[in-house]
Structures are given as structure tokens and as C-alpha cells.
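coords_19.cif (mmCIF, C-alpha atoms)
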data_work
loop_
_atom_site.group_PDB
_atom_site.id
_atom_site.type_symbol
_atom_site.label_atom_id
_atom_site.label_comp_id
_atom_site.auth_asym_id
_atom_site.auth_seq_id
_atom_site.Cartn_x
_atom_site.Cartn_y
_atom_site.Cartn_z
ATOM 1 C CA MET T 1 15.330 8.350 -23.124
ATOM 2 C CA SER T 2 14.747 4.688 -23.978
ATOM 3 C CA LEU T 3 11.778 4.023 -26.230
ATOM 4 C CA VAL T 4 8.663 2.062 -25.275
ATOM 5 C CA THR T 5 6.227 1.467 -28.122
ATOM 6 C CA PRO T 6 3.267 -0.577 -26.842
ATOM 7 C CA SER T 7 1.078 -2.467 -29.289
ATOM 8 C CA ILE T 8 -2.648 -3.252 -29.134
ATOM 9 C CA ASP T 9 -4.131 -6.373 -30.726
ATOM 10 C CA SER T 10 -6.705 -5.355 -33.357
ATOM 11 C CA ARG T 11 -9.011 -8.165 -32.149
ATOM 12 C CA LEU T 12 -9.781 -6.067 -29.079
ATOM 13 C CA ALA T 13 -11.832 -3.652 -31.185
ATOM 14 C CA GLY T 14 -14.752 -6.056 -30.869
ATOM 15 C CA ILE T 15 -14.399 -6.169 -27.077
ATOM 16 C CA ALA T 16 -13.813 -2.478 -26.344
ATOM 17 C CA PRO T 17 -14.915 -0.308 -29.286
ATOM 18 C CA GLY T 18 -13.401 3.162 -29.090
ATOM 19 C CA PHE T 19 -10.711 2.176 -26.580
ATOM 20 C CA ARG T 20 -7.882 4.698 -26.340
ATOM 21 C CA ALA T 21 -4.990 5.109 -23.947
ATOM 22 C CA LEU T 22 -2.124 7.384 -23.060
ATOM 23 C CA SER T 23 1.308 5.796 -22.866
ATOM 24 C CA ILE T 24 3.718 7.886 -20.783
ATOM 25 C CA LEU T 25 7.408 7.066 -20.512
ATOM 26 C CA VAL T 26 9.235 8.807 -17.682
ATOM 27 C CA GLU T 27 12.970 8.927 -17.073
ATOM 28 C CA ALA T 28 13.247 9.383 -13.324
ATOM 29 C CA ALA T 29 15.332 11.772 -11.257
ATOM 30 C CA PRO T 30 16.008 11.801 -7.501
ATOM 31 C CA ILE T 31 12.907 12.308 -5.374
ATOM 32 C CA THR T 32 13.254 15.610 -3.556
ATOM 33 C CA HIS T 33 9.619 16.492 -2.810
ATOM 34 C CA PRO T 34 7.841 13.392 -1.443
ATOM 35 C CA GLU T 35 5.125 15.626 -0.021
ATOM 36 C CA VAL T 36 3.796 16.074 -3.568
ATOM 37 C CA ALA T 37 2.661 12.430 -3.629
ATOM 38 C CA ALA T 38 0.918 12.512 -0.258
ATOM 39 C CA ALA T 39 -0.900 15.729 -1.147
ATOM 40 C CA ALA T 40 -2.003 14.419 -4.557
ATOM 41 C CA LEU T 41 -3.392 11.217 -3.055
ATOM 42 C CA ALA T 42 -5.272 13.009 -0.275
ATOM 43 C CA GLN T 43 -6.716 15.564 -2.695
ATOM 44 C CA ALA T 44 -7.857 12.869 -5.137
ATOM 45 C CA CYS T 45 -9.676 10.968 -2.397
ATOM 46 C CA GLN T 46 -11.448 14.084 -1.162
ATOM 47 C CA GLN T 47 -12.415 15.149 -4.674
ATOM 48 C CA MET T 48 -13.866 11.725 -5.417
ATOM 49 C CA LEU T 49 -15.946 11.823 -2.243
ATOM 50 C CA ASN T 50 -17.091 15.447 -2.480
ATOM 51 C CA ASP T 51 -16.979 16.537 -6.136
ATOM 52 C CA ASP T 52 -16.645 13.488 -8.358
ATOM 53 C CA VAL T 53 -16.119 13.746 -12.100
ATOM 54 C CA PRO T 54 -19.421 13.493 -14.022
ATOM 55 C CA TRP T 55 -18.349 10.564 -16.199
ATOM 56 C CA ALA T 56 -17.193 8.321 -13.329
ATOM 57 C CA ASP T 57 -20.171 5.973 -13.087
ATOM 58 C CA ALA T 58 -20.566 5.590 -16.840
ATOM 59 C CA HIS T 59 -16.858 4.972 -17.351
ATOM 60 C CA LEU T 60 -16.557 2.333 -14.654
ATOM 61 C CA SER T 61 -19.785 0.668 -15.816
ATOM 62 C CA GLY T 62 -18.267 0.596 -19.289
ATOM 63 C CA TRP T 63 -15.243 -1.246 -17.932
ATOM 64 C CA ASP T 64 -17.573 -3.764 -16.276
ATOM 65 C CA GLU T 65 -19.099 -4.488 -19.678
ATOM 66 C CA VAL T 66 -15.676 -4.828 -21.299
ATOM 67 C CA PHE T 67 -14.624 -7.325 -18.645
ATOM 68 C CA LYS T 68 -17.802 -9.337 -19.181
ATOM 69 C CA ALA T 69 -17.143 -9.329 -22.940
ATOM 70 C CA PHE T 70 -13.982 -11.410 -22.505
ATOM 71 C CA GLY T 71 -15.402 -13.654 -19.789
ATOM 72 C CA ALA T 72 -14.268 -11.909 -16.596
ATOM 73 C CA LYS T 73 -16.572 -11.278 -13.642
ATOM 74 C CA PRO T 74 -16.160 -7.613 -12.661
ATOM 75 C CA LYS T 75 -17.810 -8.037 -9.263
ATOM 76 C CA ARG T 76 -15.087 -10.523 -8.356
ATOM 77 C CA THR T 77 -12.201 -9.087 -10.352
ATOM 78 C CA PRO T 78 -13.001 -5.404 -11.061
ATOM 79 C CA CYS T 79 -10.906 -3.015 -13.098
ATOM 80 C CA SER T 80 -8.144 -1.351 -11.102
ATOM 81 C CA ALA T 81 -9.894 2.026 -10.863
ATOM 82 C CA SER T 82 -13.050 0.469 -9.434
ATOM 83 C CA ALA T 83 -11.049 -1.442 -6.841
ATOM 84 C CA LEU T 84 -9.210 1.692 -5.680
ATOM 85 C CA ARG T 85 -12.344 3.806 -5.517
ATOM 86 C CA LYS T 86 -14.226 1.147 -3.532
ATOM 87 C CA ARG T 87 -11.482 1.294 -0.916
ATOM 88 C CA VAL T 88 -11.786 5.077 -0.730
ATOM 89 C CA LEU T 89 -15.575 4.824 -0.354
ATOM 90 C CA LYS T 90 -15.141 2.325 2.455
ATOM 91 C CA ASP T 91 -12.286 3.982 4.369
ATOM 92 C CA GLY T 92 -12.452 7.626 3.273
ATOM 93 C CA SER T 93 -8.878 7.591 2.017
ATOM 94 C CA LEU T 94 -6.096 5.382 0.691
ATOM 95 C CA PRO T 95 -2.940 4.785 2.755
ATOM 96 C CA PRO T 96 0.352 5.857 1.137
ATOM 97 C CA LEU T 97 2.357 3.037 -0.426
ATOM 98 C CA ASP T 98 5.229 4.580 -2.403
ATOM 99 C CA PRO T 99 5.535 8.151 -3.760
ATOM 100 C CA VAL T 100 5.411 7.149 -7.431
ATOM 101 C CA VAL T 101 2.634 4.610 -6.873
ATOM 102 C CA ASP T 102 0.681 7.150 -4.832
ATOM 103 C CA ILE T 103 0.830 9.661 -7.677
ATOM 104 C CA TYR T 104 -0.535 7.308 -10.304
ATOM 105 C CA ASN T 105 -3.135 5.926 -7.897
ATOM 106 C CA ALA T 106 -4.249 9.515 -7.265
ATOM 107 C CA VAL T 107 -4.861 10.035 -10.982
ATOM 108 C CA SER T 108 -6.782 6.768 -11.167
ATOM 109 C CA ILE T 109 -9.009 7.737 -8.235
ATOM 110 C CA ARG T 110 -9.594 11.317 -9.316
ATOM 111 C CA TYR T 111 -10.363 10.594 -12.966
ATOM 112 C CA ALA T 112 -12.039 7.172 -12.556
ATOM 113 C CA ILE T 113 -9.559 5.646 -14.988
ATOM 114 C CA PRO T 114 -7.390 2.521 -14.793
ATOM 115 C CA VAL T 115 -3.727 3.540 -14.562
ATOM 116 C CA GLY T 116 -0.826 1.114 -14.608
ATOM 117 C CA GLY T 117 2.789 1.781 -13.710
ATOM 118 C CA GLU T 118 5.636 -0.495 -14.777
ATOM 119 C CA ASN T 119 9.413 -0.735 -14.428
ATOM 120 C CA VAL T 120 10.788 -0.620 -17.970
ATOM 121 C CA ALA T 121 14.097 -2.219 -16.946
ATOM 122 C CA ALA T 122 12.243 -5.406 -15.972
ATOM 123 C CA TYR T 123 10.658 -5.804 -19.415
ATOM 124 C CA SER T 124 11.676 -8.324 -22.031
ATOM 125 C CA GLY T 125 10.668 -6.730 -25.308
ATOM 126 C CA THR T 126 7.842 -4.215 -25.492
ATOM 127 C CA PRO T 127 4.424 -4.197 -23.802
ATOM 128 C CA ARG T 128 1.527 -5.526 -25.803
ATOM 129 C CA LEU T 129 -2.178 -5.769 -25.076
ATOM 130 C CA THR T 130 -3.577 -8.971 -26.499
ATOM 131 C CA LEU T 131 -5.659 -12.110 -25.970
ATOM 132 C CA ALA T 132 -4.084 -14.903 -23.937
ATOM 133 C CA ASP T 133 -3.739 -18.444 -25.222
ATOM 134 C CA GLY T 134 -3.522 -19.686 -21.606
ATOM 135 C CA SER T 135 0.114 -20.782 -21.612
ATOM 136 C CA GLU T 136 1.643 -17.448 -20.562
ATOM 137 C CA PRO T 137 3.216 -17.381 -17.057
ATOM 138 C CA PHE T 138 2.062 -14.776 -14.552
ATOM 139 C CA ASP T 139 4.033 -14.280 -11.346
ATOM 140 C CA THR T 140 2.022 -13.226 -8.308
ATOM 141 C CA PHE T 141 1.473 -13.951 -4.611
ATOM 142 C CA LYS T 142 -1.099 -16.318 -3.168
ATOM 143 C CA GLU T 143 -1.559 -16.630 0.591
ATOM 144 C CA GLY T 144 1.703 -14.733 1.038
ATOM 145 C CA GLN T 145 3.751 -17.059 -1.176
ATOM 146 C CA PRO T 146 5.081 -16.436 -4.700
ATOM 147 C CA VAL T 147 3.288 -18.530 -7.303
ATOM 148 C CA VAL T 148 3.072 -18.727 -11.089
ATOM 149 C CA GLU T 149 -0.440 -18.669 -12.540
ATOM 150 C CA HIS T 150 -1.739 -18.688 -16.095
ATOM 151 C CA PRO T 151 -4.516 -16.612 -17.654
ATOM 152 C CA GLU T 152 -7.656 -18.113 -19.071
ATOM 153 C CA PRO T 153 -7.599 -18.655 -22.862
ATOM 154 C CA GLY T 154 -9.157 -15.581 -24.454
ATOM 155 C CA GLU T 155 -8.469 -13.377 -21.432
ATOM 156 C CA VAL T 156 -7.224 -9.870 -22.243
ATOM 157 C CA ILE T 157 -3.710 -9.403 -20.897
ATOM 158 C CA TRP T 158 -0.770 -7.066 -21.024
ATOM 159 C CA ARG T 159 2.369 -9.073 -21.687
ATOM 160 C CA ASP T 160 5.963 -8.939 -22.889
ATOM 161 C CA ASP T 161 8.244 -11.609 -24.365
ATOM 162 C CA THR T 162 8.552 -13.392 -20.998
ATOM 163 C CA GLY T 163 4.934 -13.560 -19.914
ATOM 164 C CA VAL T 164 1.946 -11.724 -18.470
ATOM 165 C CA THR T 165 2.585 -8.358 -16.831
ATOM 166 C CA CYS T 166 -1.080 -7.586 -16.008
ATOM 167 C CA ARG T 167 -4.056 -9.956 -15.966
ATOM 168 C CA ARG T 168 -7.649 -9.265 -16.991
ATOM 169 C CA TRP T 169 -6.655 -6.107 -18.879
ATOM 170 C CA ASN T 170 -5.933 -3.950 -15.838
ATOM 171 C CA TRP T 171 -7.065 -5.989 -12.842
ATOM 172 C CA ARG T 172 -3.811 -7.234 -11.320
ATOM 173 C CA GLN T 173 -0.187 -6.429 -12.093
ATOM 174 C CA GLY T 174 2.542 -9.036 -11.841
ATOM 175 C CA ILE T 175 5.531 -8.928 -9.507
ATOM 176 C CA ARG T 176 8.341 -8.967 -12.076
ATOM 177 C CA THR T 177 7.638 -5.577 -13.668
ATOM 178 C CA ARG T 178 6.109 -3.892 -10.617
ATOM 179 C CA LEU T 179 7.016 -0.230 -10.272
ATOM 180 C CA ASP T 180 8.352 1.634 -7.252
ATOM 181 C CA SER T 181 10.388 4.770 -6.643
ATOM 182 C CA GLN T 182 13.706 2.975 -7.203
ATOM 183 C CA ALA T 183 13.037 2.509 -10.926
ATOM 184 C CA GLN T 184 14.892 4.723 -13.372
ATOM 185 C CA SER T 185 12.721 4.193 -16.450
ATOM 186 C CA MET T 186 8.997 4.205 -15.716
ATOM 187 C CA TRP T 187 6.122 3.405 -18.046
ATOM 188 C CA PHE T 188 2.541 4.412 -17.319
ATOM 189 C CA ILE T 189 -0.622 3.468 -19.204
ATOM 190 C CA LEU T 190 -3.903 5.371 -18.740
ATOM 191 C CA GLU T 191 -6.769 3.395 -20.293
ATOM 192 C CA SER T 192 -10.093 4.949 -21.243
ATOM 193 C CA LEU T 193 -13.347 4.158 -23.001
ATOM 194 C CA PRO T 194 -15.513 6.593 -25.020
ATOM 195 C CA SER T 195 -17.654 7.497 -21.981
ATOM 196 C CA MET T 196 -14.649 9.397 -20.619
ATOM 197 C CA PRO T 197 -14.118 12.651 -22.555
ATOM 198 C CA LEU T 198 -10.919 12.726 -24.565
ATOM 199 C CA ALA T 199 -10.040 16.105 -23.039
ATOM 200 C CA ALA T 200 -10.256 14.493 -19.590
ATOM 201 C CA LEU T 201 -7.856 11.739 -20.670
ATOM 202 C CA ASP T 202 -5.379 14.389 -21.803
ATOM 203 C CA GLU T 203 -5.848 16.248 -18.521
ATOM 204 C CA ALA T 204 -5.228 13.085 -16.519
ATOM 205 C CA GLY T 205 -2.015 12.462 -18.446
ATOM 206 C CA ASP T 206 -0.842 16.027 -17.892
ATOM 207 C CA GLU T 207 -1.546 15.757 -14.172
ATOM 208 C CA LEU T 208 0.385 12.504 -13.886
ATOM 209 C CA ALA T 209 3.408 13.862 -15.752
ATOM 210 C CA ASN T 210 3.379 17.202 -13.932
ATOM 211 C CA ASN T 211 3.127 15.643 -10.475
ATOM 212 C CA LEU T 212 5.930 13.195 -11.239
ATOM 213 C CA GLN T 213 8.114 16.098 -12.388
ATOM 214 C CA ARG T 214 7.270 17.993 -9.182
ATOM 215 C CA LEU T 215 8.124 14.890 -7.154
ATOM 216 C CA MET T 216 11.351 14.359 -9.098
ATOM 217 C CA PRO T 217 12.610 17.689 -10.536
ATOM 218 C CA GLY T 218 14.583 16.896 -13.672
ATOM 219 C CA ALA T 219 12.449 13.913 -14.655
ATOM 220 C CA THR T 220 11.381 13.858 -18.306
ATOM 221 C CA ALA T 221 8.130 12.555 -19.791
ATOM 222 C CA GLN T 222 7.227 11.337 -23.277
ATOM 223 C CA VAL T 223 3.521 10.931 -24.091
ATOM 224 C CA GLN T 224 1.927 8.858 -26.854
ATOM 225 C CA MET T 225 -1.765 8.307 -27.674
ATOM 226 C CA LEU T 226 -2.775 4.721 -28.460
ATOM 227 C CA THR T 227 -6.007 3.775 -30.205
ATOM 228 C CA LEU T 228 -7.628 0.684 -31.652
#

As C-alpha cells, what does this structure read like?
Amino acid sequence: MSLVTPSIDSRLAGIAPGFRALSILVEAAPITHPEVAAAALAQACQQMLNDDVPWADAHLSGWDEVFKAFGAKPKRTPCSASALRKRVLKDGSLPPLDPVVDIYNAVSIRYAIPVGGENVAAYSGTPRLTLADGSEPFDTFKEGQPVVEHPEPGEVIWRDDTGVTCRRWNWRQGIRTRLDSQAQSMWFILESLPSMPLAALDEAGDELANNLQRLMPGATAQVQMLTL
């Protein structure tokens, strides 16, 4: 298994005290049970609506405060977990997109935690969470057309040697490293604040890894805890 060793800029301790994350590297295998993804997504939506986790509101409010601390406006650009859960509240479910994406979205919805999934083969160097200087390129779509944007100076970003892979911490992923079921080496990041119990973070990571291994028997997972 190839190694992915993400780094976290120590300056972020003043923005998100107590931040911790699970980094999970998965070497894929052929998908033989796509029904696992659909079931996980449907179950997560129903659990959120009917029996939500007790830390959900506090955790998502905590992410709002983190976003405000580096100048973002969470009502306009919320953390990824908030955005997913708002869609579930509105529509009652989330439509399937891709089996691997559906599995990590299910974990995000169920545990009220931002979860990112990336294609390791598309990376140049290793992932790092840091503050932008504003010059870093970010490839995305605008009005259906590919464009290159740049983060605001001081914005929290995930990046590699080429440029931004995710803007505003975990708001929007770029196109270049986007993950789907065709990827062979997959990297997932589950990001939590102290209002989410550490045991719940571990449980979320286990669920992600286990469901991916059920989806793709023979897949292997390597888990690493990251802290500030």
C-alpha cells in the first residue's frame, strides 16, 4: 500500500483548538456488492431524521465558528456535513452518486462530520492542511464551465504541491483529485472538533472502512489519527 502522510499547519491551533481527524488510506478492489452503498446511504438519512446523534447540533455549530474564525461565512459556504444534512432535511434523502462517494457521504450524514474522499493517484506530493497565501490555483466548475479560482489569503485549505484540493477547510473539493469508484488508491479524511466524542470519531472511521471492504471485498484500509 502506498503511503499518505498528511500534515496539519500548527497555526490552525488558534482557529480550531482540539481539532483531530482520522486519515484512512484504502487500496481498492473490484466492486462486487454495490447494494452496500445504497443501503448505507438510505440508513444514514433515516437515522439522521429519526434518531440523530446527540452531538450533531453542537458539532456543526462548532464548525460554523471555525469557519468564521478564518473569515468564511458558514451560511453561504457551510462545512460539507452541514450542506449534506440540509439536503436530507429538505428532500428526506440523498440521491446516489457513486458507490464509494455514497459510502463516505453516509458516514458524514450519520455522524454529523465532514468527510472528504480523494484520489491518491491525482496528488502531487502529500496532502496538507494550511493557510492560503491567495496564489494557489483551485480547479472547479462555474456555470457548467471549468475555471481556475484562487482562495482568499488566510483561508484554510487542503492542498498538495500543485494547488488547492479543497477550499474553506472542507467546503468544496476540486476537480483534479476528485474521487470515484474507478480510483485504485483512495484517501479519506474525517474531521472532528472536541464537541464530537472521540469514541464516535473512531466509530465513524470503522464504519467507513468496514463498508468499503464490504463494497469491495479484498480492499485494505490503513488508519491514522491526526491532531493539532

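When the PyMOL selection byres ((chain T and resi 160-170) around 6) is run on the displayed coordinates, the residues it returns are Cys79, Ser80, Ser124, Gly125, Thr126, Pro127, Glu136, Pro137, Phe138, Val156, Ile157, Trp158, Arg159, Trp171, Arg172, Gln173 and Gly174 of chain T.
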
Please enumerate the residues selected by the PyMOL selection byres ((chain T and resi 50-62) around 10) when evaluated against the supplied file, formatted as an MDAnalysis selection string. chainID T and resid 16 44:49 63:68 74 78:82 109:114 192:197 200

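If all atoms listed in the file are the atoms counted, then among T:Ile175, T:Val88, T:Ala132, T:Met216 the closest residue to Glu155 in chain T is T:Ala132.
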
Which is closer to Arg85 in chain T than all the others in T:Leu41, T:Thr227, T:Tyr123, T:Val101, using all atoms listed in the file?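 Smallest distance to Arg85 in chain T is found for T:Leu41.
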
Exercise: Gln184 in chain T partners within 12 Å, only C-alpha atoms, chain neighbours under 4 positions left out, as a ChimeraX atom specification: /T:1-2,25-31,100,118-122,179-180,216,219-220

CA of Asp133 in chain T to CA of Lys73 in chain T, distance in Å rounded to a single decimal: 18.7 Å

Can you write out as a Markdown table which residues of range 99-197 of chain T fall within 8 Å of range 4-10 of chain T, alongside each residue's closest atom pair and its distance in Å to one decimal, counting only C-alpha atoms and ordering rows by chain and ascending residue number?
| residue | atom | partner | partner_atom | distance |
| --- | --- | --- | --- | --- |
| T:Thr126 | CA | T:Pro6 | CA | 6.0 |
| T:Pro127 | CA | T:Pro6 | CA | 4.9 |
| T:Arg128 | CA | T:Ser7 | CA | 4.7 |
| T:Leu129 | CA | T:Ile8 | CA | 4.8 |
| T:Thr130 | CA | T:Asp9 | CA | 5.0 |
| T:Leu131 | CA | T:Asp9 | CA | 7.6 |
| T:Trp187 | CA | T:Val4 | CA | 7.8 |

Any idea what the distance is between CA of Ser181 in chain T and CA of Ala39 in chain T?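 Value for the CA of Ser181 in chain T-CA of Ala39 in chain T distance: 16.7 Å.
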
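As for CA of Ala209 in chain T and CA of Asp102 in chain T, they are spaced 13.1 Å apart.
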
Listed atoms of range 130-139 of chain T boxed axis-aligned with 6 Å per side, centre + edges as AutoDock Vina command-line options:
--center_x -0.8 --center_y -14.9 --center_z -18.9 --size_x 21.7 --size_y 23.8 --size_z 27.2

Could you tell me, as a VMD selection string, exactly which residues end up selected when the PyMOL selection byres ((chain T and resi 115) around 6) is applied to this structure? chain T and resid 108 114 116 189 to 190

Using only C-alpha atoms, which of T:Arg214, T:His33, T:Lys90, T:Arg20 sits nearest Leu226 in chain T?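 Using only C-alpha atoms, Leu226 in chain T sits closest to T:Arg20.
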